[in-house]
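Visitor: Contents of target26.pdb (PDB, C-alpha atoms and all ligand atoms):
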ATOM      1  CA  MET A   1     143.033  62.989 124.214  1.00  0.00           C
ATOM      2  CA  GLU A   2     144.402  60.185 122.050  1.00  0.00           C
ATOM      3  CA  ARG A   3     141.643  60.751 119.544  1.00  0.00           C
ATOM      4  CA  THR A   4     142.387  64.486 119.319  1.00  0.00           C
ATOM      5  CA  LYS A   5     146.042  63.700 118.765  1.00  0.00           C
ATOM      6  CA  ALA A   6     145.189  61.191 116.053  1.00  0.00           C
ATOM      7  CA  MET A   7     142.896  63.700 114.353  1.00  0.00           C
ATOM      8  CA  LEU A   8     145.579  66.345 114.548  1.00  0.00           C
ATOM      9  CA  LEU A   9     148.106  63.985 112.982  1.00  0.00           C
ATOM     10  CA  PHE A  10     145.615  62.988 110.317  1.00  0.00           C
ATOM     11  CA  GLY A  11     144.968  66.680 109.552  1.00  0.00           C
ATOM     12  CA  MET A  12     148.697  67.353 109.251  1.00  0.00           C
ATOM     13  CA  PHE A  13     149.114  64.326 107.019  1.00  0.00           C
ATOM     14  CA  THR A  14     146.343  65.371 104.600  1.00  0.00           C
ATOM     15  CA  ALA A  15     147.689  68.941 104.536  1.00  0.00           C
ATOM     16  CA  PHE A  16     151.098  67.487 103.650  1.00  0.00           C
ATOM     17  CA  LEU A  17     149.586  65.351 100.904  1.00  0.00           C
ATOM     18  CA  ASN A  18     147.710  68.346  99.481  1.00  0.00           C
ATOM     19  CA  THR A  19     150.869  70.422  99.451  1.00  0.00           C
ATOM     20  CA  ARG A  20     152.726  67.616  97.712  1.00  0.00           C
ATOM     21  CA  ALA A  21     149.927  67.285  95.152  1.00  0.00           C
ATOM     22  CA  GLN A  22     150.105  71.025  94.442  1.00  0.00           C
ATOM     23  CA  ASP A  23     153.871  70.815  94.067  1.00  0.00           C
ATOM     24  CA  VAL A  24     153.497  68.026  91.536  1.00  0.00           C
ATOM     25  CA  ILE A  25     150.819  69.884  89.584  1.00  0.00           C
ATOM     26  CA  GLN A  26     152.852  73.079  89.416  1.00  0.00           C
ATOM     27  CA  VAL A  27     156.013  71.490  88.062  1.00  0.00           C
ATOM     28  CA  LYS A  28     155.879  71.399  84.290  1.00  0.00           C
ATOM     29  CA  PRO A  29     158.039  68.988  82.332  1.00  0.00           C
ATOM     30  CA  ILE A  30     161.098  70.812  81.046  1.00  0.00           C
ATOM     31  CA  ILE A  31     162.094  70.365  77.417  1.00  0.00           C
ATOM     32  CA  ILE A  32     165.357  71.571  75.946  1.00  0.00           C
ATOM     33  CA  VAL A  33     165.261  72.338  72.247  1.00  0.00           C
ATOM     34  CA  ASP A  34     168.641  72.830  70.635  1.00  0.00           C
ATOM     35  CA  PRO A  35     168.632  74.723  67.321  1.00  0.00           C
ATOM     36  CA  GLY A  36     171.749  73.341  65.651  1.00  0.00           C
ATOM     37  CA  HIS A  37     174.648  75.589  64.596  1.00  0.00           C
ATOM     38  CA  GLY A  38     174.480  79.417  64.742  1.00  0.00           C
ATOM     39  CA  GLY A  39     176.664  82.494  64.336  1.00  0.00           C
ATOM     40  CA  LEU A  40     179.777  81.781  62.285  1.00  0.00           C
ATOM     41  CA  ASP A  41     178.700  78.156  61.937  1.00  0.00           C
ATOM     42  CA  SER A  42     175.944  78.180  59.296  1.00  0.00           C
ATOM     43  CA  GLY A  43     175.664  74.410  59.127  1.00  0.00           C
ATOM     44  CA  ALA A  44     174.534  73.047  55.785  1.00  0.00           C
ATOM     45  CA  ILE A  45     173.591  75.463  53.033  1.00  0.00           C
ATOM     46  CA  GLY A  46     170.978  74.503  50.451  1.00  0.00           C
ATOM     47  CA  ALA A  47     171.208  74.963  46.720  1.00  0.00           C
ATOM     48  CA  ASN A  48     168.472  77.557  47.241  1.00  0.00           C
ATOM     49  CA  GLY A  49     170.662  79.439  49.747  1.00  0.00           C
ATOM     50  CA  LEU A  50     168.791  78.279  52.862  1.00  0.00           C
ATOM     51  CA  LYS A  51     171.035  78.071  55.901  1.00  0.00           C
ATOM     52  CA  GLU A  52     170.643  75.247  58.367  1.00  0.00           C
ATOM     53  CA  LYS A  53     171.294  77.583  61.329  1.00  0.00           C
ATOM     54  CA  GLU A  54     168.332  79.776  60.319  1.00  0.00           C
ATOM     55  CA  LEU A  55     165.978  76.876  59.729  1.00  0.00           C
ATOM     56  CA  THR A  56     166.731  75.182  63.031  1.00  0.00           C
ATOM     57  CA  LEU A  57     166.067  78.420  64.921  1.00  0.00           C
ATOM     58  CA  LYS A  58     162.789  79.012  63.077  1.00  0.00           C
ATOM     59  CA  ILE A  59     161.635  75.463  63.759  1.00  0.00           C
ATOM     60  CA  ALA A  60     162.547  75.858  67.452  1.00  0.00           C
ATOM     61  CA  GLN A  61     160.572  79.119  67.598  1.00  0.00           C
ATOM     62  CA  ALA A  62     157.591  77.344  66.034  1.00  0.00           C
ATOM     63  CA  ILE A  63     157.803  74.675  68.753  1.00  0.00           C
ATOM     64  CA  VAL A  64     157.710  77.386  71.439  1.00  0.00           C
ATOM     65  CA  HIS A  65     154.841  79.139  69.619  1.00  0.00           C
ATOM     66  CA  TYR A  66     152.640  76.036  69.489  1.00  0.00           C
ATOM     67  CA  ASN A  67     153.379  75.102  73.079  1.00  0.00           C
ATOM     68  CA  ARG A  68     151.963  78.512  74.029  1.00  0.00           C
ATOM     69  CA  THR A  69     149.037  78.720  71.621  1.00  0.00           C
ATOM     70  CA  LEU A  70     147.886  75.106  71.376  1.00  0.00           C
ATOM     71  CA  LEU A  71     149.074  73.469  74.568  1.00  0.00           C
ATOM     72  CA  ASP A  72     148.606  76.421  76.925  1.00  0.00           C
ATOM     73  CA  ASN A  73     152.280  76.246  77.921  1.00  0.00           C
ATOM     74  CA  GLN A  74     152.002  72.621  79.031  1.00  0.00           C
ATOM     75  CA  TYR A  75     155.789  72.410  78.914  1.00  0.00           C
ATOM     76  CA  ASP A  76     158.561  74.693  80.032  1.00  0.00           C
ATOM     77  CA  ILE A  77     160.599  74.896  76.848  1.00  0.00           C
ATOM     78  CA  TYR A  78     164.111  76.300  76.872  1.00  0.00           C
ATOM     79  CA  LEU A  79     166.155  76.858  73.746  1.00  0.00           C
ATOM     80  CA  THR A  80     169.935  76.528  73.823  1.00  0.00           C
ATOM     81  CA  ARG A  81     170.062  79.680  71.711  1.00  0.00           C
ATOM     82  CA  TYR A  82     167.459  82.330  70.944  1.00  0.00           C
ATOM     83  CA  MET A  83     169.457  84.245  68.378  1.00  0.00           C
ATOM     84  CA  ASP A  84     171.958  83.730  65.604  1.00  0.00           C
ATOM     85  CA  THR A  85     174.832  83.002  67.970  1.00  0.00           C
ATOM     86  CA  LEU A  86     177.310  80.188  68.220  1.00  0.00           C
ATOM     87  CA  ILE A  87     176.986  78.222  71.454  1.00  0.00           C
ATOM     88  CA  SER A  88     179.526  75.531  72.293  1.00  0.00           C
ATOM     89  CA  LEU A  89     178.273  71.941  72.267  1.00  0.00           C
ATOM     90  CA  GLY A  90     179.248  71.645  75.938  1.00  0.00           C
ATOM     91  CA  HIS A  91     177.080  74.604  76.909  1.00  0.00           C
ATOM     92  CA  ARG A  92     174.154  73.254  74.921  1.00  0.00           C
ATOM     93  CA  THR A  93     174.065  70.089  76.965  1.00  0.00           C
ATOM     94  CA  LYS A  94     174.726  71.680  80.377  1.00  0.00           C
ATOM     95  CA  LEU A  95     171.306  73.293  80.271  1.00  0.00           C
ATOM     96  CA  ALA A  96     169.519  69.927  80.366  1.00  0.00           C
ATOM     97  CA  LYS A  97     171.444  68.895  83.467  1.00  0.00           C
ATOM     98  CA  VAL A  98     170.976  72.170  85.325  1.00  0.00           C
ATOM     99  CA  LEU A  99     167.243  72.254  84.623  1.00  0.00           C
ATOM    100  CA  ASN A 100     166.625  68.528  85.141  1.00  0.00           C
ATOM    101  CA  ALA A 101     165.014  68.291  81.712  1.00  0.00           C
ATOM    102  CA  LYS A 102     162.707  65.475  80.634  1.00  0.00           C
ATOM    103  CA  ILE A 103     164.054  65.429  77.094  1.00  0.00           C
ATOM    104  CA  PHE A 104     166.685  67.135  74.925  1.00  0.00           C
ATOM    105  CA  VAL A 105     165.944  67.532  71.230  1.00  0.00           C
ATOM    106  CA  SER A 106     168.587  68.837  68.859  1.00  0.00           C
ATOM    107  CA  LEU A 107     167.379  70.162  65.497  1.00  0.00           C
ATOM    108  CA  HIS A 108     169.406  69.837  62.295  1.00  0.00           C
ATOM    109  CA  CYS A 109     169.003  69.633  58.532  1.00  0.00           C
ATOM    110  CA  ASN A 110     171.038  67.238  56.500  1.00  0.00           C
ATOM    111  CA  HIS A 111     173.393  67.474  53.543  1.00  0.00           C
ATOM    112  CA  ALA A 112     174.775  64.817  51.214  1.00  0.00           C
ATOM    113  CA  ASP A 113     176.972  64.819  48.113  1.00  0.00           C
ATOM    114  CA  ASN A 114     174.350  62.756  46.359  1.00  0.00           C
ATOM    115  CA  ARG A 115     171.545  65.208  45.567  1.00  0.00           C
ATOM    116  CA  GLY A 116     169.056  62.369  45.398  1.00  0.00           C
ATOM    117  CA  THR A 117     169.480  61.499  49.070  1.00  0.00           C
ATOM    118  CA  ASN A 118     166.396  62.453  51.048  1.00  0.00           C
ATOM    119  CA  GLY A 119     164.375  61.744  54.169  1.00  0.00           C
ATOM    120  CA  LEU A 120     164.313  62.208  57.917  1.00  0.00           C
ATOM    121  CA  GLU A 121     166.713  60.729  60.444  1.00  0.00           C
ATOM    122  CA  VAL A 122     166.414  60.397  64.195  1.00  0.00           C
ATOM    123  CA  TYR A 123     169.710  59.921  66.026  1.00  0.00           C
ATOM    124  CA  LEU A 124     170.458  58.383  69.399  1.00  0.00           C
ATOM    125  CA  PHE A 125     173.815  58.057  71.171  1.00  0.00           C
ATOM    126  CA  ASN A 126     175.678  54.992  69.896  1.00  0.00           C
ATOM    127  CA  GLY A 127     176.739  53.806  73.362  1.00  0.00           C
ATOM    128  CA  PHE A 128     174.446  52.527  76.068  1.00  0.00           C
ATOM    129  CA  VAL A 129     171.123  54.315  76.345  1.00  0.00           C
ATOM    130  CA  PRO A 130     168.131  53.288  78.476  1.00  0.00           C
ATOM    131  CA  LYS A 131     165.465  51.306  76.665  1.00  0.00           C
ATOM    132  CA  LYS A 132     163.122  54.251  77.199  1.00  0.00           C
ATOM    133  CA  SER A 133     165.309  56.431  74.961  1.00  0.00           C
ATOM    134  CA  LEU A 134     165.212  53.880  72.164  1.00  0.00           C
ATOM    135  CA  THR A 135     161.430  53.610  72.457  1.00  0.00           C
ATOM    136  CA  MET A 136     161.169  57.414  72.322  1.00  0.00           C
ATOM    137  CA  ALA A 137     163.393  57.636  69.244  1.00  0.00           C
ATOM    138  CA  LYS A 138     161.339  55.024  67.391  1.00  0.00           C
ATOM    139  CA  ALA A 139     158.075  56.690  68.373  1.00  0.00           C
ATOM    140  CA  MET A 140     159.362  60.100  67.255  1.00  0.00           C
ATOM    141  CA  ASP A 141     160.590  58.667  63.960  1.00  0.00           C
ATOM    142  CA  GLY A 142     157.242  56.982  63.252  1.00  0.00           C
ATOM    143  CA  TYR A 143     155.261  60.030  64.285  1.00  0.00           C
ATOM    144  CA  LEU A 144     157.222  62.515  62.149  1.00  0.00           C
ATOM    145  CA  GLN A 145     157.043  60.228  59.151  1.00  0.00           C
ATOM    146  CA  GLN A 146     153.302  59.854  59.552  1.00  0.00           C
ATOM    147  CA  GLN A 147     152.640  63.556  60.157  1.00  0.00           C
ATOM    148  CA  LEU A 148     155.002  65.086  57.611  1.00  0.00           C
ATOM    149  CA  GLY A 149     154.987  62.515  54.849  1.00  0.00           C
ATOM    150  CA  TYR A 150     158.776  62.496  54.623  1.00  0.00           C
ATOM    151  CA  ARG A 151     160.542  59.265  53.920  1.00  0.00           C
ATOM    152  CA  SER A 152     162.042  57.908  57.132  1.00  0.00           C
ATOM    153  CA  ARG A 153     165.664  56.832  57.032  1.00  0.00           C
ATOM    154  CA  GLY A 154     165.104  55.281  60.431  1.00  0.00           C
ATOM    155  CA  VAL A 155     166.581  55.591  63.898  1.00  0.00           C
ATOM    156  CA  LYS A 156     170.362  55.811  63.711  1.00  0.00           C
ATOM    157  CA  ARG A 157     173.099  55.740  66.321  1.00  0.00           C
ATOM    158  CA  ALA A 158     176.023  58.160  66.448  1.00  0.00           C
ATOM    159  CA  ASN A 159     178.611  59.505  68.844  1.00  0.00           C
ATOM    160  CA  PHE A 160     177.452  63.131  68.607  1.00  0.00           C
ATOM    161  CA  GLN A 161     178.546  65.200  71.598  1.00  0.00           C
ATOM    162  CA  VAL A 162     175.073  66.562  72.366  1.00  0.00           C
ATOM    163  CA  LEU A 163     173.813  62.982  72.598  1.00  0.00           C
ATOM    164  CA  ARG A 164     176.828  61.631  74.472  1.00  0.00           C
ATOM    165  CA  ASP A 165     176.861  64.399  77.077  1.00  0.00           C
ATOM    166  CA  ASN A 166     173.185  63.916  77.841  1.00  0.00           C
ATOM    167  CA  ARG A 167     173.288  60.131  78.130  1.00  0.00           C
ATOM    168  CA  GLU A 168     173.047  60.168  81.931  1.00  0.00           C
ATOM    169  CA  VAL A 169     170.892  63.275  82.138  1.00  0.00           C
ATOM    170  CA  CYS A 170     167.781  62.689  80.056  1.00  0.00           C
ATOM    171  CA  PRO A 171     166.704  61.063  76.771  1.00  0.00           C
ATOM    172  CA  ALA A 172     168.403  62.976  73.960  1.00  0.00           C
ATOM    173  CA  LEU A 173     167.412  62.891  70.306  1.00  0.00           C
ATOM    174  CA  LEU A 174     168.981  64.592  67.324  1.00  0.00           C
ATOM    175  CA  LEU A 175     166.615  65.139  64.417  1.00  0.00           C
ATOM    176  CA  GLU A 176     167.832  65.585  60.843  1.00  0.00           C
ATOM    177  CA  LEU A 177     164.835  67.251  59.259  1.00  0.00           C
ATOM    178  CA  GLY A 178     165.406  66.687  55.576  1.00  0.00           C
ATOM    179  CA  PHE A 179     168.288  67.247  53.155  1.00  0.00           C
ATOM    180  CA  LEU A 180     169.191  70.778  52.061  1.00  0.00           C
ATOM    181  CA  SER A 181     171.180  69.173  49.255  1.00  0.00           C
ATOM    182  CA  ASN A 182     167.972  67.683  47.880  1.00  0.00           C
ATOM    183  CA  GLU A 183     166.011  70.114  45.743  1.00  0.00           C
ATOM    184  CA  ASP A 184     162.568  68.906  46.799  1.00  0.00           C
ATOM    185  CA  GLU A 185     163.325  68.965  50.494  1.00  0.00           C
ATOM    186  CA  ALA A 186     165.189  72.298  50.339  1.00  0.00           C
ATOM    187  CA  THR A 187     162.237  73.846  48.493  1.00  0.00           C
ATOM    188  CA  HIS A 188     159.876  72.352  51.051  1.00  0.00           C
ATOM    189  CA  LEU A 189     161.828  74.066  53.838  1.00  0.00           C
ATOM    190  CA  GLU A 190     161.450  77.478  52.170  1.00  0.00           C
ATOM    191  CA  GLY A 191     157.825  77.924  53.173  1.00  0.00           C
ATOM    192  CA  LYS A 192     156.914  79.589  56.459  1.00  0.00           C
ATOM    193  CA  GLU A 193     153.938  77.251  56.804  1.00  0.00           C
ATOM    194  CA  LYS A 194     156.129  74.199  56.226  1.00  0.00           C
ATOM    195  CA  ILE A 195     158.456  75.358  58.988  1.00  0.00           C
ATOM    196  CA  ARG A 196     155.496  75.790  61.303  1.00  0.00           C
ATOM    197  CA  ALA A 197     154.198  72.350  60.385  1.00  0.00           C
ATOM    198  CA  LEU A 198     157.584  70.865  61.243  1.00  0.00           C
ATOM    199  CA  GLY A 199     157.614  72.671  64.591  1.00  0.00           C
ATOM    200  CA  LEU A 200     154.110  71.473  65.383  1.00  0.00           C
ATOM    201  CA  ALA A 201     154.876  67.880  64.426  1.00  0.00           C
ATOM    202  CA  ILE A 202     158.009  67.870  66.596  1.00  0.00           C
ATOM    203  CA  LEU A 203     156.132  69.363  69.560  1.00  0.00           C
ATOM    204  CA  MET A 204     153.331  66.814  69.271  1.00  0.00           C
ATOM    205  CA  GLY A 205     155.947  64.102  68.784  1.00  0.00           C
ATOM    206  CA  ILE A 206     157.576  65.164  72.043  1.00  0.00           C
ATOM    207  CA  LYS A 207     154.181  65.160  73.752  1.00  0.00           C
ATOM    208  CA  LYS A 208     153.602  61.644  72.484  1.00  0.00           C
ATOM    209  CA  VAL A 209     156.950  60.266  73.591  1.00  0.00           C
ATOM    210  CA  LEU A 210     156.809  61.935  77.028  1.00  0.00           C
ATOM    211  CA  ARG A 211     153.545  60.187  77.940  1.00  0.00           C
TER     212      ARG A 211
HETATM  213 ZN    ZN A 301     173.607  70.254  61.527  1.00  0.00          ZN
END
Represent the supplied structure as structure tokens.
Guide:
Amino acid sequence: MERTKAMLLFGMFTAFLNTRAQDVIQVKPIIIVDPGHGGLDSGAIGANGLKEKELTLKIAQAIVHYNRTLLDNQYDIYLTRYMDTLISLGHRTKLAKVLNAKIFVSLHCNHADNRGTNGLEVYLFNGFVPKKSLTMAKAMDGYLQQQLGYRSRGVKRANFQVLRDNREVCPALLLELGFLSNEDEATHLEGKEKIRALGLAILMGIKKVLR
């Protein structure tokens, strides 16, 4: 009798473990990609007429594309906007909290009065962030520099709302993907293939830092 009971309990326990294992397997890491600006807010505009809001959306779409075609939808990727619309900064960050995201990545392109200024920047919130976030930012910075051949301007800290609002939710990075005020970088961002390459590098960078 005791033995039967023990076997029954053991059976229930293994069934429970199997169910848990399936649960874990089925849950994909959630990534929020935030294409900066949109709608009335064009963001920076390049000398060649490129608009930051259009570039960030195209790069975000490339990230989604490569997650589907190369990574077999390894991640559940949500964009904060799918069209040319203006979404408030508060709404952009709420998504990460509601969905319990693993990482929030905001996409931007830079602008400077000095046309010679160039390179990539990775931003983190300038208040307290867990060490993990700093490690992720450095890894992303190194990876993008290595993959894209852009000059890195390093990991910087700033009090941007999308970073601040996410500080207790998940690691949040803001990427400045080249200067639209710089002729070389603005020209580089004109090509469809260059946009795709940026999207791919960011996706693989995320994959690397989420390990
Ligand atoms: Zn921007």
Visitor: Skipping near chain neighbours, those fewer than 2 positions away, what residues fall within 9 Å of Ile206 of chain A using all atoms listed in the file, listed as number ranges by chain?
Guide: A: 31, 103, 105, 136, 140, 201-204, 208-211
Visitor: Could you work out how far atom CA of Gly205 of chain A lies from atom CA of Tyr66 of chain A, giving the answer in Å with one decimal?
Guide: 12.4 Å
Visitor: At most 6 Å is the cut-off: for each residue in chain A with any atom that close to an atom of ligand ZN 301 (chain A), write down the nearest atom pair and the distance in Å rounded to one decimal, counting all atoms listed in the file, chain first then increasing number, as a tab-separated table.
Guide:
residue	atom	partner	partner_atom	distance
A:Gly36	CA	A:ZN301	ZN	5.5
A:Gly43	CA	A:ZN301	ZN	5.2
A:His108	CA	A:ZN301	ZN	4.3
A:Cys109	CA	A:ZN301	ZN	5.5
Visitor: Please evaluate the PyMOL selection byres (((chain A and resi 107) around 7) and not hetatm) against the structure above and give the resulting residues as a PDB file with C-alpha atoms, in the coordinates of the input.
Guide:
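Everything below was put into part_18.pdb:
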ATOM      1  CA  ASP A  34     168.641  72.830  70.635  1.00  0.00           C
ATOM      2  CA  PRO A  35     168.632  74.723  67.321  1.00  0.00           C
ATOM      3  CA  GLY A  36     171.749  73.341  65.651  1.00  0.00           C
ATOM      4  CA  THR A  56     166.731  75.182  63.031  1.00  0.00           C
ATOM      5  CA  VAL A 105     165.944  67.532  71.230  1.00  0.00           C
ATOM      6  CA  SER A 106     168.587  68.837  68.859  1.00  0.00           C
ATOM      7  CA  HIS A 108     169.406  69.837  62.295  1.00  0.00           C
ATOM      8  CA  LEU A 174     168.981  64.592  67.324  1.00  0.00           C
ATOM      9  CA  LEU A 175     166.615  65.139  64.417  1.00  0.00           C
ATOM     10  CA  GLU A 176     167.832  65.585  60.843  1.00  0.00           C
TER      11      GLU A 176
END
Visitor: Interatomic distance between atom CA of Gly49 of chain A and atom CA of Asn182 of chain A?
Guide: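 About the pair atom CA of Gly49 of chain A and atom CA of Asn182 of chain A: they are 12.2 Å apart.
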Visitor: Quick one: residues within 12 Å of Leu50 of chain A, only C-alpha atoms, excluding same-chain residues fewer than 2 positions away - as a ChimeraX atom specification?
Guide: /A:42-48,52-56,58,109-111,179-183,185-191
Visitor: A:Ile77, A:Gln145, A:Asp72, A:Val33: which is nearest Leu173 of chain A, counting only C-alpha atoms?
Guide: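 Of A:Ile77, A:Gln145, A:Asp72, A:Val33, the one nearest Leu173 of chain A, counting only C-alpha atoms, is A:Val33.
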Visitor: Using all atoms listed in the file for the distances, tell me which of A:Val155, A:Ala112, A:Ile30, A:Leu99 is nearest to Gly178 of chain A.
Guide: A:Ala112
Visitor: Counting only C-alpha atoms, which of A:Lys94, A:Arg151, A:Lys194, A:Arg157 gets nearest to Val122 of chain A?
Guide: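 Once distances to Val122 of chain A are computed over only C-alpha atoms, the minimum belongs to A:Arg157.
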Visitor: Mind pulling up the distance from atom CA of Leu57 of chain A to atom CA of Thr80 of chain A?
Guide: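 Computing the Euclidean distance for atom CA of Thr80 of chain A and atom CA of Leu57 of chain A yields 9.9 Å.
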Visitor: Once the PyMOL selection byres (((chain A and resi 165) around 10) and not hetatm) has been applied to the shown file, what residues remain in the selection, as a list in words?
Guide: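 With the shown file as input, the PyMOL selection byres (((chain A and resi 165) around 10) and not hetatm) matches Leu89, Gly90, Arg92, Thr93, Lys94, Ala96, Lys97, Phe125, Asn159, Phe160, Gln161, Val162, Leu163, Arg164, Asn166, Arg167, Glu168, Val169, Cys170 and Ala172 of chain A.
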Visitor: Extending 5 Å beyond the listed atoms of segment 105-117 of chain A on each side, what axis-aligned box results? I want centre and edge lengths in Å to one decimal, as lines of an AutoDock Vina configuration file.
Guide:
center_x = 171.5
center_y = 65.8
center_z = 58.3
size_x = 21.0
size_y = 18.7
size_z = 35.8
Visitor: Return the single residue from A:His91, A:Arg81, A:Lys102, A:Arg153 that is closest to Lys132 of chain A, with distances computed using only C-alpha atoms.
Guide: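 Answer, going by the shortest atom-to-atom distance: A:Lys102.
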Visitor: Run the PyMOL selection byres (((chain A and resi 63) around 6) and not hetatm) mentally over the shown coordinates, then write out the matched residues as a VMD selection string, using the chain letters and numbers from the document.
Guide: chain A and resid 60 to 62 64 to 66 199 to 200 203
Visitor: Let me make sure I understand: among A:Asp113, A:Val129, A:Leu86, A:Lys28, which one has the smallest atom-to-atom distance to Leu40 of chain A if we use only C-alpha atoms?
Guide: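 Among the listed residues, the smallest separation from Leu40 of chain A belongs to A:Leu86.
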Visitor: From the set A:Leu177, A:Leu95, A:Ile59, A:Ile32, which residue has the shortest atom-to-atom contact distance to Asp76 of chain A, counting all atoms listed in the file?
Guide: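 Closest residue, counting all atoms listed in the file: A:Ile32.
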